[in-house]
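So this block is target_5.pdb, PDB, C-alpha atoms:
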```
MODEL        1
ATOM      1  CA  MET A   1       0.000   0.000   0.000
ATOM      2  CA  SER A   2       1.347   3.446  -0.741
ATOM      3  CA  ALA A   3       0.466   7.106  -0.836
ATOM      4  CA  GLY A   4       1.923   9.173  -3.639
ATOM      5  CA  ALA A   5       3.194  12.678  -4.114
ATOM      6  CA  SER A   6       4.592  14.026  -7.355
ATOM      7  CA  GLU A   7       6.908  16.642  -8.747
ATOM      8  CA  HIS A   8       7.412  18.219 -12.137
ATOM      9  CA  SER A   9      10.004  20.279 -13.961
ATOM     10  CA  ALA A  10       9.279  22.958 -16.521
ATOM     11  CA  SER A  11      12.574  22.927 -18.348
ATOM     12  CA  ALA A  12      12.988  19.546 -20.016
ATOM     13  CA  ALA A  13      10.095  19.496 -22.476
ATOM     14  CA  PRO A  14       9.786  21.023 -25.959
ATOM     15  CA  PHE A  15       7.354  23.848 -26.766
ATOM     16  CA  SER A  16       7.600  25.067 -23.151
ATOM     17  CA  LEU A  17       5.536  22.110 -21.927
ATOM     18  CA  ARG A  18       6.096  20.925 -18.397
ATOM     19  CA  ARG A  19       7.123  17.319 -17.879
ATOM     20  CA  VAL A  20       6.381  15.081 -14.905
ATOM     21  CA  SER A  21       9.728  13.562 -13.972
ATOM     22  CA  ALA A  22       9.038  11.357 -10.962
ATOM     23  CA  LEU A  23       6.706  10.295  -8.179
ATOM     24  CA  HIS A  24       7.646  10.200  -4.528
ATOM     25  CA  VAL A  25       6.007   7.142  -2.963
ATOM     26  CA  VAL A  26       5.667   6.677   0.793
ATOM     27  CA  GLY A  27       5.299   3.037   1.839
ATOM     28  CA  VAL A  28       2.786   2.225   4.581
ATOM     29  CA  ARG A  29       3.688  -0.344   7.223
ATOM     30  CA  SER A  30       1.278  -3.264   7.379
ATOM     31  CA  PRO A  31      -0.759  -3.023  10.618
ATOM     32  CA  GLY A  32      -1.089  -6.020  12.909
ATOM     33  CA  ALA A  33      -4.160  -8.227  12.683
ATOM     34  CA  GLY A  34      -5.609  -6.633  15.806
ATOM     35  CA  ASP A  35      -4.899  -3.038  14.787
ATOM     36  CA  GLU A  36      -8.080  -0.958  14.920
ATOM     37  CA  SER A  37      -6.391   2.446  14.749
ATOM     38  CA  GLY A  38      -7.979   3.299  11.417
ATOM     39  CA  THR A  39      -4.650   4.110   9.767
ATOM     40  CA  LEU A  40      -5.946   3.378   6.275
ATOM     41  CA  ARG A  41      -9.062   5.477   6.838
ATOM     42  CA  GLU A  42      -6.895   8.363   8.052
ATOM     43  CA  ILE A  43      -4.705   8.167   4.945
ATOM     44  CA  LEU A  44      -7.707   8.076   2.622
ATOM     45  CA  THR A  45      -9.495  10.999   4.271
ATOM     46  CA  THR A  46      -6.645  13.318   5.295
ATOM     47  CA  HIS A  47      -4.198  12.351   2.519
ATOM     48  CA  ARG A  48      -1.229  12.073   4.841
ATOM     49  CA  VAL A  49       0.617   9.026   6.143
ATOM     50  CA  PRO A  50       0.946   9.104   9.967
ATOM     51  CA  GLU A  51       4.584   9.104  11.045
ATOM     52  CA  ALA A  52       4.233   5.807  12.898
ATOM     53  CA  ALA A  53       2.869   4.114   9.763
ATOM     54  CA  ARG A  54       5.552   5.358   7.377
ATOM     55  CA  GLY A  55       7.788   2.816   5.670
ATOM     56  CA  ALA A  56      10.412   3.232   2.990
ATOM     57  CA  GLU A  57      10.241   6.210   0.646
ATOM     58  CA  THR A  58      10.883   5.623  -3.037
ATOM     59  CA  ARG A  59      11.348   7.889  -6.028
ATOM     60  CA  LEU A  60       9.840   6.454  -9.216
ATOM     61  CA  ALA A  61      10.973   8.004 -12.493
ATOM     62  CA  CYS A  62       8.401   8.006 -15.290
ATOM     63  CA  ASP A  63       8.331   8.556 -19.035
ATOM     64  CA  ALA A  64       4.551   9.037 -18.961
ATOM     65  CA  LEU A  65       2.140   9.480 -16.073
ATOM     66  CA  VAL A  66      -1.580   8.661 -16.195
ATOM     67  CA  ASN A  67      -3.784  10.069 -13.456
ATOM     68  CA  CYS A  68      -6.433   7.364 -13.015
ATOM     69  CA  LEU A  69      -6.943   7.795  -9.271
ATOM     70  CA  GLY A  70     -10.710   8.191  -9.380
ATOM     71  CA  ALA A  71     -11.912  10.108  -6.327
ATOM     72  CA  TRP A  72      -8.301  10.957  -5.486
ATOM     73  CA  SER A  73      -7.532  12.419  -8.918
ATOM     74  CA  PRO A  74      -8.006  16.026  -7.656
ATOM     75  CA  ILE A  75      -5.302  15.412  -5.013
ATOM     76  CA  LEU A  76      -2.676  14.421  -7.577
ATOM     77  CA  ALA A  77      -3.825  17.166  -9.946
ATOM     78  CA  ALA A  78      -3.420  19.774  -7.200
ATOM     79  CA  LYS A  79       0.158  18.626  -6.554
ATOM     80  CA  LEU A  80       0.859  19.421 -10.214
ATOM     81  CA  GLY A  81      -0.828  22.815 -10.056
ATOM     82  CA  ILE A  82      -3.958  21.716 -11.917
ATOM     83  CA  SER A  83      -7.475  22.612 -10.832
ATOM     84  CA  ASP A  84      -9.649  19.518 -11.196
ATOM     85  CA  PRO A  85     -13.421  19.914 -11.709
ATOM     86  CA  ALA A  86     -14.081  16.415 -10.307
ATOM     87  CA  GLU A  87     -15.169  16.013  -6.685
ATOM     88  CA  PRO A  88     -15.279  12.953  -4.412
ATOM     89  CA  VAL A  89     -18.868  12.039  -3.501
ATOM     90  CA  ARG A  90     -19.984   9.250  -1.170
ATOM     91  CA  ARG A  91     -22.002   6.358  -2.581
ATOM     92  CA  GLN A  92     -23.696   3.784  -0.324
ATOM     93  CA  ILE A  93     -24.784   0.222  -1.091
ATOM     94  CA  SER A  94     -26.773  -2.302   0.932
ATOM     95  CA  LEU A  95     -26.608  -6.079   1.087
ATOM     96  CA  VAL A  96     -30.136  -7.501   1.112
ATOM     97  CA  ASP A  97     -31.407 -10.959   2.126
ATOM     98  CA  LEU A  98     -34.320 -11.897  -0.111
ATOM     99  CA  ARG A  99     -36.755 -14.610   1.003
ATOM    100  CA  ARG A 100     -36.625 -17.220  -1.736
ATOM    101  CA  ASP A 101     -40.214 -18.335  -1.121
ATOM    102  CA  ASP A 102     -41.347 -14.777  -2.002
ATOM    103  CA  LEU A 103     -40.090 -15.199  -5.558
ATOM    104  CA  GLY A 104     -42.502 -16.090  -8.338
ATOM    105  CA  PRO A 105     -42.515 -19.582  -9.885
ATOM    106  CA  GLY A 106     -39.400 -20.230 -11.941
ATOM    107  CA  VAL A 107     -37.665 -16.972 -10.925
ATOM    108  CA  ARG A 108     -33.968 -17.424 -10.111
ATOM    109  CA  ILE A 109     -32.586 -14.161  -8.778
ATOM    110  CA  ASP A 110     -28.996 -15.446  -9.027
ATOM    111  CA  GLU A 111     -29.345 -15.743 -12.822
ATOM    112  CA  LEU A 112     -30.225 -12.086 -13.315
ATOM    113  CA  GLY A 113     -27.725  -9.436 -14.322
ATOM    114  CA  MET A 114     -27.534  -5.877 -13.033
ATOM    115  CA  ILE A 115     -30.871  -4.047 -13.092
ATOM    116  CA  VAL A 116     -31.049  -0.239 -13.117
ATOM    117  CA  ASP A 117     -34.511   1.013 -12.206
ATOM    118  CA  SER A 118     -35.955   4.299 -13.509
ATOM    119  CA  SER A 119     -35.962   5.546  -9.895
ATOM    120  CA  GLY A 120     -32.153   5.453  -9.840
ATOM    121  CA  LEU A 121     -32.000   2.252  -7.792
ATOM    122  CA  TYR A 122     -29.671  -0.457  -9.099
ATOM    123  CA  PHE A 123     -29.283  -4.026  -7.859
ATOM    124  CA  HIS A 124     -27.793  -7.368  -8.816
ATOM    125  CA  PRO A 125     -27.219 -10.798  -7.248
ATOM    126  CA  GLU A 126     -24.241 -11.007  -4.895
ATOM    127  CA  GLY A 127     -23.640 -14.568  -3.729
ATOM    128  CA  ALA A 128     -26.646 -15.641  -1.689
ATOM    129  CA  PHE A 129     -27.843 -12.034  -1.387
ATOM    130  CA  VAL A 130     -28.795  -9.017  -3.491
ATOM    131  CA  LEU A 131     -26.567  -5.933  -3.592
ATOM    132  CA  ALA A 132     -28.541  -2.718  -4.019
ATOM    133  CA  GLY A 133     -27.423   0.885  -4.294
ATOM    134  CA  TYR A 134     -28.843   4.343  -4.742
ATOM    135  CA  SER A 135     -26.966   7.579  -5.350
ATOM    136  CA  THR A 136     -28.506  10.269  -3.165
ATOM    137  CA  PRO A 137     -28.711  13.342  -5.464
ATOM    138  CA  GLN A 138     -28.110  15.875  -2.653
ATOM    139  CA  GLU A 139     -25.040  14.073  -1.254
ATOM    140  CA  ALA A 140     -22.382  16.641  -0.321
ATOM    141  CA  PRO A 141     -18.866  16.164  -1.745
ATOM    142  CA  GLY A 142     -16.115  14.984   0.582
ATOM    143  CA  TYR A 143     -14.007  12.001   1.639
ATOM    144  CA  ASP A 144     -16.711  10.321   3.705
ATOM    145  CA  PHE A 145     -16.737   6.524   4.231
ATOM    146  CA  ASP A 146     -19.469   6.290   6.881
ATOM    147  CA  TYR A 147     -22.391   4.004   6.061
ATOM    148  CA  ASP A 148     -25.770   5.219   7.333
ATOM    149  CA  GLY A 149     -26.976   1.680   8.039
ATOM    150  CA  ASP A 150     -30.649   0.856   8.585
ATOM    151  CA  GLU A 151     -31.651   4.487   8.075
ATOM    152  CA  PHE A 152     -30.218   4.535   4.537
ATOM    153  CA  PHE A 153     -31.668   1.119   3.701
ATOM    154  CA  GLU A 154     -35.163   1.949   4.943
ATOM    155  CA  ARG A 155     -35.238   5.436   3.421
ATOM    156  CA  GLU A 156     -33.620   4.905   0.022
ATOM    157  CA  ILE A 157     -33.283   1.195  -0.798
ATOM    158  CA  TRP A 158     -36.206  -0.784   0.566
ATOM    159  CA  PRO A 159     -39.070   1.399  -0.787
ATOM    160  CA  ARG A 160     -37.570   1.371  -4.285
ATOM    161  CA  LEU A 161     -36.954  -2.377  -4.218
ATOM    162  CA  ALA A 162     -40.515  -3.081  -3.051
ATOM    163  CA  HIS A 163     -41.943  -0.760  -5.706
ATOM    164  CA  ARG A 164     -39.949  -2.604  -8.365
ATOM    165  CA  ALA A 165     -41.024  -6.092  -7.256
ATOM    166  CA  SER A 166     -43.332  -7.319  -4.501
ATOM    167  CA  ALA A 167     -40.811 -10.096  -3.798
ATOM    168  CA  PHE A 168     -38.817  -7.482  -1.856
ATOM    169  CA  ASP A 169     -41.674  -6.603   0.518
ATOM    170  CA  ARG A 170     -40.197  -8.757   3.292
ATOM    171  CA  CYS A 171     -36.492  -8.545   2.463
ATOM    172  CA  ARG A 172     -33.945  -8.031   5.261
ATOM    173  CA  HIS A 173     -31.075  -5.580   5.522
ATOM    174  CA  VAL A 174     -27.863  -7.521   6.183
ATOM    175  CA  ARG A 175     -25.182  -4.815   6.132
ATOM    176  CA  GLY A 176     -23.686  -2.250   3.790
ATOM    177  CA  TRP A 177     -20.768   0.043   3.144
ATOM    178  CA  ALA A 178     -19.817   3.343   1.549
ATOM    179  CA  GLY A 179     -17.234   4.272  -1.051
ATOM    180  CA  LEU A 180     -16.415   7.204  -3.291
ATOM    181  CA  TYR A 181     -17.224   8.230  -6.830
ATOM    182  CA  ALA A 182     -15.385  11.004  -8.634
ATOM    183  CA  VAL A 183     -18.153  13.219 -10.003
ATOM    184  CA  THR A 184     -17.771  15.897 -12.675
ATOM    185  CA  PRO A 185     -20.203  18.776 -13.385
ATOM    186  CA  ASP A 186     -21.749  16.858 -16.318
ATOM    187  CA  ARG A 187     -21.322  13.386 -14.701
ATOM    188  CA  SER A 188     -19.134  12.158 -17.569
ATOM    189  CA  GLY A 189     -15.515  11.087 -17.316
ATOM    190  CA  ILE A 190     -12.344  13.047 -17.986
ATOM    191  CA  ALA A 191      -9.834  11.445 -20.343
ATOM    192  CA  GLY A 192      -6.928  12.372 -22.595
ATOM    193  CA  PRO A 193      -3.695  14.396 -22.519
ATOM    194  CA  VAL A 194      -3.480  17.212 -19.950
ATOM    195  CA  ALA A 195      -2.867  20.565 -21.616
ATOM    196  CA  GLY A 196       0.457  22.183 -20.755
ATOM    197  CA  PHE A 197       2.224  18.875 -20.045
ATOM    198  CA  ALA A 198       4.303  16.780 -22.415
ATOM    199  CA  ASN A 199       3.783  13.445 -20.691
ATOM    200  CA  LEU A 200       0.752  13.740 -18.407
ATOM    201  CA  PHE A 201      -2.514  11.961 -19.224
ATOM    202  CA  GLU A 202      -5.703  11.216 -17.290
ATOM    203  CA  ALA A 203      -8.656   8.842 -17.274
ATOM    204  CA  HIS A 204     -10.964   9.164 -14.284
ATOM    205  CA  SER A 205     -14.306  10.343 -12.882
ATOM    206  CA  PHE A 206     -16.620   8.082 -14.881
ATOM    207  CA  THR A 207     -19.244   8.374 -12.135
ATOM    208  CA  GLY A 208     -20.523   4.809 -11.907
ATOM    209  CA  ARG A 209     -19.852   3.812 -15.513
ATOM    210  CA  GLY A 210     -16.115   3.092 -15.357
ATOM    211  CA  VAL A 211     -16.433  -0.652 -15.889
ATOM    212  CA  MET A 212     -18.809  -0.146 -18.811
ATOM    213  CA  GLN A 213     -16.490   2.308 -20.555
ATOM    214  CA  SER A 214     -13.123   0.900 -19.503
ATOM    215  CA  TRP A 215     -12.463  -1.253 -22.586
ATOM    216  CA  ALA A 216     -12.820   1.613 -25.083
ATOM    217  CA  VAL A 217     -11.120   4.150 -22.814
ATOM    218  CA  GLY A 218      -8.186   1.811 -22.222
ATOM    219  CA  ARG A 219      -7.630   1.201 -25.936
ATOM    220  CA  ALA A 220      -7.985   4.879 -26.792
ATOM    221  CA  MET A 221      -5.578   5.984 -24.056
ATOM    222  CA  ALA A 222      -3.010   3.371 -25.113
ATOM    223  CA  ALA A 223      -3.104   4.701 -28.680
ATOM    224  CA  GLN A 224      -2.830   8.310 -27.514
ATOM    225  CA  ILE A 225       0.161   7.613 -25.268
ATOM    226  CA  ALA A 226       1.959   5.422 -27.810
ATOM    227  CA  THR A 227       1.315   7.432 -30.994
ATOM    228  CA  GLY A 228       0.121  10.882 -29.955
ATOM    229  CA  ARG A 229      -3.330  10.430 -31.465
ATOM    230  CA  TYR A 230      -6.527   8.452 -31.007
ATOM    231  CA  ALA A 231      -7.172   5.528 -33.312
ATOM    232  CA  GLU A 232     -10.530   3.714 -33.250
ATOM    233  CA  HIS A 233     -12.036   5.577 -30.277
ATOM    234  CA  ASP A 234     -11.866   9.384 -30.110
ATOM    235  CA  LEU A 235     -11.930  10.651 -26.521
ATOM    236  CA  ALA A 236     -11.621  14.326 -27.474
ATOM    237  CA  PRO A 237     -15.186  15.107 -26.209
ATOM    238  CA  LEU A 238     -14.049  13.943 -22.732
ATOM    239  CA  SER A 239     -11.127  16.370 -22.525
ATOM    240  CA  ARG A 240     -11.139  18.533 -19.392
ATOM    241  CA  SER A 241     -11.105  21.605 -21.669
ATOM    242  CA  ARG A 242     -14.837  21.097 -22.253
ATOM    243  CA  PHE A 243     -15.637  22.542 -18.838
ATOM    244  CA  SER A 244     -14.684  26.027 -20.034
ATOM    245  CA  ASP A 245     -17.833  26.024 -22.196
ATOM    246  CA  PRO A 246     -21.083  24.429 -20.920
ATOM    247  CA  ALA A 247     -22.172  23.930 -24.532
ATOM    248  CA  ARG A 248     -19.383  21.326 -24.841
ATOM    249  CA  TRP A 249     -20.410  19.365 -21.753
ATOM    250  CA  VAL A 250     -21.336  15.703 -22.199
ATOM    251  CA  PRO A 251     -24.286  15.370 -19.798
ATOM    252  CA  GLU A 252     -25.063  11.903 -18.433
ATOM    253  CA  GLU A 253     -28.601  11.699 -17.050
ATOM    254  CA  LEU A 254     -28.277   8.206 -15.549
ATOM    255  CA  HIS A 255     -27.453   8.957 -11.909
ATOM    256  CA  ILE A 256     -26.133   5.679 -10.495
TER     257      ILE A 256
ENDMDL
END
```
Would you mind writing the structure in this file as structure tokens?
Amino acid sequence: MSAGASEHSASAAPFSLRRVSALHVVGVRSPGAGDESGTLREILTTHRVPEAARGAETRLACDALVNCLGAWSPILAAKLGISDPAEPVRRQISLVDLRRDDLGPGVRIDELGMIVDSSGLYFHPEGAFVLAGYSTPQEAPGYDFDYDGDEFFEREIWPRLAHRASAFDRCRHVRGWAGLYAVTPDRSGIAGPVAGFANLFEAHSFTGRGVMQSWAVGRAMAAQIATGRYAEHDLAPLSRSRFSDPARWVPEELHI
């Protein structure tokens, strides 16, 4: 596990472009099995490694650097003097125990894929359970990992599940957890070369659709880094420069 900081020089690149030369990586000591100090949580929320948890420090030289840190992309961008429009926003999901005898004849919940309801609820089978999530529209940005438990399940998840299918009328909340999305003003990702840098690229903030878009984004970014241009997939509409003009935004209405 590591936490990264970066540096850049402005003198080594052509056309007055800055060039990222290296990353400074701080190793984190592995806590003992009984350690409940919350070291990892502290690192993720305050972006500093506590002195007692610091391990070896390493300098990693790089020919090209891709910022694909998701919710932490603004932290790396800020270290390079870049203002990032993406913000970290908490997303919560609940694990639900569905009574199998409440299912209709012939219905096998474990054979279903991911379902996204028009209400914004999404759910899919997860082992013996169902994993359900809902992105609260008014959620404030911030590095928050607290799960609101039964209150979140009963307010946001259960009513939407029961409205979708009566089989969820008597479902049971097992547990849940919270994580972070990186959310942009138009809820679409940021990808491509970073203006003003010779060797800095980015691909982040896909706001719940990263897995769906990863294949095309990965191929397009590989072509851009290797050849200086896009090949089969043009990511130019996802450049961060679009945020200077709302008419160029790529709005995504699906809020998952």
Edge lengths and centre in Å, axis-aligned, segment 142-145 of chain A plus 4 Å each side, as lines of an AutoDock Vina configuration file:
```
center_x = -15.4
center_y = 10.8
center_z = 2.4
size_x = 10.7
size_y = 16.5
size_z = 11.6
```
Per-residue nearest contacts of segment 100-153 of chain A to segment 203-213 of chain A (12 Å; only C-alpha atoms) as CSV:
```
residue,atom,partner,partner_atom,distance
A:Met114,CA,A:Met212,CA,11.9
A:Val116,CA,A:Gly208,CA,11.7
A:Gly120,CA,A:Gly208,CA,11.8
A:Tyr122,CA,A:Gly208,CA,10.9
A:Gly133,CA,A:Gly208,CA,11.0
A:Tyr134,CA,A:Gly208,CA,11.0
A:Ser135,CA,A:Gly208,CA,9.6
```
Suppose we keep C-alpha atoms; can you now write the selection as a PDB file, in the coordinates of the input?
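Wrote out32.pdb, looks like this:
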```pdb
ATOM      1  CA  MET A 114     -27.534  -5.877 -13.033  1.00  0.00           C
ATOM      2  CA  VAL A 116     -31.049  -0.239 -13.117  1.00  0.00           C
ATOM      3  CA  GLY A 120     -32.153   5.453  -9.840  1.00  0.00           C
ATOM      4  CA  TYR A 122     -29.671  -0.457  -9.099  1.00  0.00           C
ATOM      5  CA  GLY A 133     -27.423   0.885  -4.294  1.00  0.00           C
ATOM      6  CA  TYR A 134     -28.843   4.343  -4.742  1.00  0.00           C
ATOM      7  CA  SER A 135     -26.966   7.579  -5.350  1.00  0.00           C
TER       8      SER A 135
END
```
Minimum-distance residue to Pro105 of chain A, chosen among A:Ala167, A:Ala247, A:Leu23, A:Val89 (using only C-alpha atoms): A:Ala167
Selection near Ile157 of chain A, 12 Å with all atoms listed in the file, sequence-local residues under 6 positions removed, as a PyMOL selection string: chain A and resi 92-96+117+119-123+130-136+148-151+163-164+168-169+171-173+176
Two-atom distance - atom CA of Glu202 of chain A, atom CA of Pro85 of chain A (Å):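 Interatomic distance here is 12.9 Å.
Once the PyMOL selection byres ((chain A and resi 191-194) around 7) is applied to this file, the selection holds Gly189, Ile190, Ala195, Gly196, Phe197, Leu200, Phe201, Glu202, Ala203, His204, Met221, Leu235, Leu238 and Ser239 of chain A.
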Surrounding residues of Pro251 of chain A excluding itself and chain neighbours under 2 positions, 9 Å, only C-alpha atoms, as a list in words: Pro185, Asp186, Arg187, Ser188, Trp249 and Glu253 of chain A
Save out the residues we just selected, C-alpha atoms, as a PDB file, keeping the file's coordinate frame.
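Done, and the output landed in result33.pdb:
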```pdb
ATOM      1  CA  PRO A 185     -20.203  18.776 -13.385  1.00  0.00           C
ATOM      2  CA  ASP A 186     -21.749  16.858 -16.318  1.00  0.00           C
ATOM      3  CA  ARG A 187     -21.322  13.386 -14.701  1.00  0.00           C
ATOM      4  CA  SER A 188     -19.134  12.158 -17.569  1.00  0.00           C
ATOM      5  CA  TRP A 249     -20.410  19.365 -21.753  1.00  0.00           C
ATOM      6  CA  GLU A 253     -28.601  11.699 -17.050  1.00  0.00           C
TER       7      GLU A 253
END
```
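Distances to Ile256 of chain A were evaluated for A:Ile109, A:Phe153, A:Pro237, A:Arg91 using only C-alpha atoms, and the minimum falls at A:Arg91.
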Closest of A:Leu161, A:Cys62, A:Glu51, A:Leu76 to Ile115 of chain A - atom-to-atom distances counting all atoms listed in the file: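 Checking each of A:Leu161, A:Cys62, A:Glu51, A:Leu76 against Ile115 of chain A, counting all atoms listed in the file, the winner is A:Leu161.
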For atom CA of Leu98 of chain A and atom CA of Gly113 of chain A, the interatomic separation in Å (one decimal):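 Calculated distance between atom CA of Leu98 of chain A and atom CA of Gly113 of chain A is 15.9 Å.
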Test item: which residues lie within 12 Å of (1.1, 4.2, -26.1) counting only C-alpha atoms, as a PyMOL selection string: chain A and resi 63-66+192-193+199+201+218-231
Selection result of the PyMOL selection byres ((chain A and resi 52-56) around 10) on this file, as an NGL selection string: :A and (2-3 or 25-31 or 39-40 or 43 or 48-51 or 57-58)
Residue with smallest distance to Leu69 of chain A - pool A:Leu180, A:Ala236, A:Val20, A:Val250, counting all atoms listed in the file: A:Leu180
Interatomic distance, atom CA of Ala165 of chain A to atom CA of Leu254 of chain A (Å, one decimal): 20.9 Å
Best match for closeness to Glu111 of chain A among A:Glu126, A:Asp84, A:Asp245, A:Asp146, counting only C-alpha atoms: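 Once distances to Glu111 of chain A are computed over only C-alpha atoms, the minimum belongs to A:Glu126.
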Pro88 of chain A environment, 7 Å, only C-alpha atoms, sequence neighbours closer than 5 positions dropped, as a ChimeraX atom specification: /A:71,141-143,180-183
Can I get the selection written as a PDB file, in the coordinates of the input, with C-alpha atoms?
```
ATOM      1  CA  ALA A  71     -11.912  10.108  -6.327  1.00  0.00           C
ATOM      2  CA  PRO A 141     -18.866  16.164  -1.745  1.00  0.00           C
ATOM      3  CA  GLY A 142     -16.115  14.984   0.582  1.00  0.00           C
ATOM      4  CA  TYR A 143     -14.007  12.001   1.639  1.00  0.00           C
ATOM      5  CA  LEU A 180     -16.415   7.204  -3.291  1.00  0.00           C
ATOM      6  CA  TYR A 181     -17.224   8.230  -6.830  1.00  0.00           C
ATOM      7  CA  ALA A 182     -15.385  11.004  -8.634  1.00  0.00           C
ATOM      8  CA  VAL A 183     -18.153  13.219 -10.003  1.00  0.00           C
TER       9      VAL A 183
END
```
Shortest interatomic distance to His47 of chain A - which of A:Ser166, A:Ser73, A:Asn67, A:Ser244, counting only C-alpha atoms: A:Ser73
Local residues around (-33.7, -13.6, -8.0), at most 10 Å away, using only C-alpha atoms, as a PyMOL selection string: chain A and resi 98-100+102-104+106-113+124-125+128-130+167
Could I get segment 214-229 of chain A from the block written as a PDB file, in the first residue's frame, with N, CA and C atoms?
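part.pdb, freshly written:
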```pdb
ATOM      1  N   SER A 214     -14.561   1.112 -19.682  1.00  0.00           N
ATOM      2  CA  SER A 214     -13.123   0.900 -19.503  1.00  0.00           C
ATOM      3  C   SER A 214     -12.437   0.303 -20.730  1.00  0.00           C
ATOM      4  N   TRP A 215     -13.102  -0.603 -21.443  1.00  0.00           N
ATOM      5  CA  TRP A 215     -12.463  -1.253 -22.586  1.00  0.00           C
ATOM      6  C   TRP A 215     -12.094  -0.216 -23.646  1.00  0.00           C
ATOM      7  N   ALA A 216     -13.069   0.609 -24.043  1.00  0.00           N
ATOM      8  CA  ALA A 216     -12.820   1.613 -25.083  1.00  0.00           C
ATOM      9  C   ALA A 216     -11.853   2.684 -24.600  1.00  0.00           C
ATOM     10  N   VAL A 217     -12.014   3.118 -23.347  1.00  0.00           N
ATOM     11  CA  VAL A 217     -11.120   4.150 -22.814  1.00  0.00           C
ATOM     12  C   VAL A 217      -9.688   3.631 -22.745  1.00  0.00           C
ATOM     13  N   GLY A 218      -9.521   2.392 -22.305  1.00  0.00           N
ATOM     14  CA  GLY A 218      -8.186   1.811 -22.222  1.00  0.00           C
ATOM     15  C   GLY A 218      -7.498   1.738 -23.571  1.00  0.00           C
ATOM     16  N   ARG A 219      -8.212   1.294 -24.598  1.00  0.00           N
ATOM     17  CA  ARG A 219      -7.630   1.201 -25.936  1.00  0.00           C
ATOM     18  C   ARG A 219      -7.303   2.582 -26.496  1.00  0.00           C
ATOM     19  N   ALA A 220      -8.209   3.533 -26.277  1.00  0.00           N
ATOM     20  CA  ALA A 220      -7.985   4.879 -26.792  1.00  0.00           C
ATOM     21  C   ALA A 220      -6.794   5.549 -26.107  1.00  0.00           C
ATOM     22  N   MET A 221      -6.686   5.382 -24.786  1.00  0.00           N
ATOM     23  CA  MET A 221      -5.578   5.984 -24.056  1.00  0.00           C
ATOM     24  C   MET A 221      -4.250   5.356 -24.457  1.00  0.00           C
ATOM     25  N   ALA A 222      -4.237   4.045 -24.688  1.00  0.00           N
ATOM     26  CA  ALA A 222      -3.010   3.371 -25.113  1.00  0.00           C
ATOM     27  C   ALA A 222      -2.532   3.931 -26.449  1.00  0.00           C
ATOM     28  N   ALA A 223      -3.465   4.142 -27.380  1.00  0.00           N
ATOM     29  CA  ALA A 223      -3.104   4.701 -28.680  1.00  0.00           C
ATOM     30  C   ALA A 223      -2.586   6.126 -28.543  1.00  0.00           C
ATOM     31  N   GLN A 224      -3.239   6.916 -27.699  1.00  0.00           N
ATOM     32  CA  GLN A 224      -2.830   8.310 -27.514  1.00  0.00           C
ATOM     33  C   GLN A 224      -1.427   8.398 -26.917  1.00  0.00           C
ATOM     34  N   ILE A 225      -1.148   7.582 -25.926  1.00  0.00           N
ATOM     35  CA  ILE A 225       0.161   7.613 -25.268  1.00  0.00           C
ATOM     36  C   ILE A 225       1.258   7.099 -26.202  1.00  0.00           C
ATOM     37  N   ALA A 226       0.942   6.043 -26.958  1.00  0.00           N
ATOM     38  CA  ALA A 226       1.959   5.422 -27.810  1.00  0.00           C
ATOM     39  C   ALA A 226       2.214   6.199 -29.093  1.00  0.00           C
ATOM     40  N   THR A 227       1.176   6.827 -29.667  1.00  0.00           N
ATOM     41  CA  THR A 227       1.315   7.432 -30.994  1.00  0.00           C
ATOM     42  C   THR A 227       1.026   8.924 -31.038  1.00  0.00           C
ATOM     43  N   GLY A 228       0.454   9.466 -29.955  1.00  0.00           N
ATOM     44  CA  GLY A 228       0.121  10.882 -29.955  1.00  0.00           C
ATOM     45  C   GLY A 228      -1.221  11.205 -30.570  1.00  0.00           C
ATOM     46  N   ARG A 229      -1.999  10.188 -30.903  1.00  0.00           N
ATOM     47  CA  ARG A 229      -3.330  10.430 -31.465  1.00  0.00           C
ATOM     48  C   ARG A 229      -4.250   9.252 -31.144  1.00  0.00           C
TER      49      ARG A 229
END
```
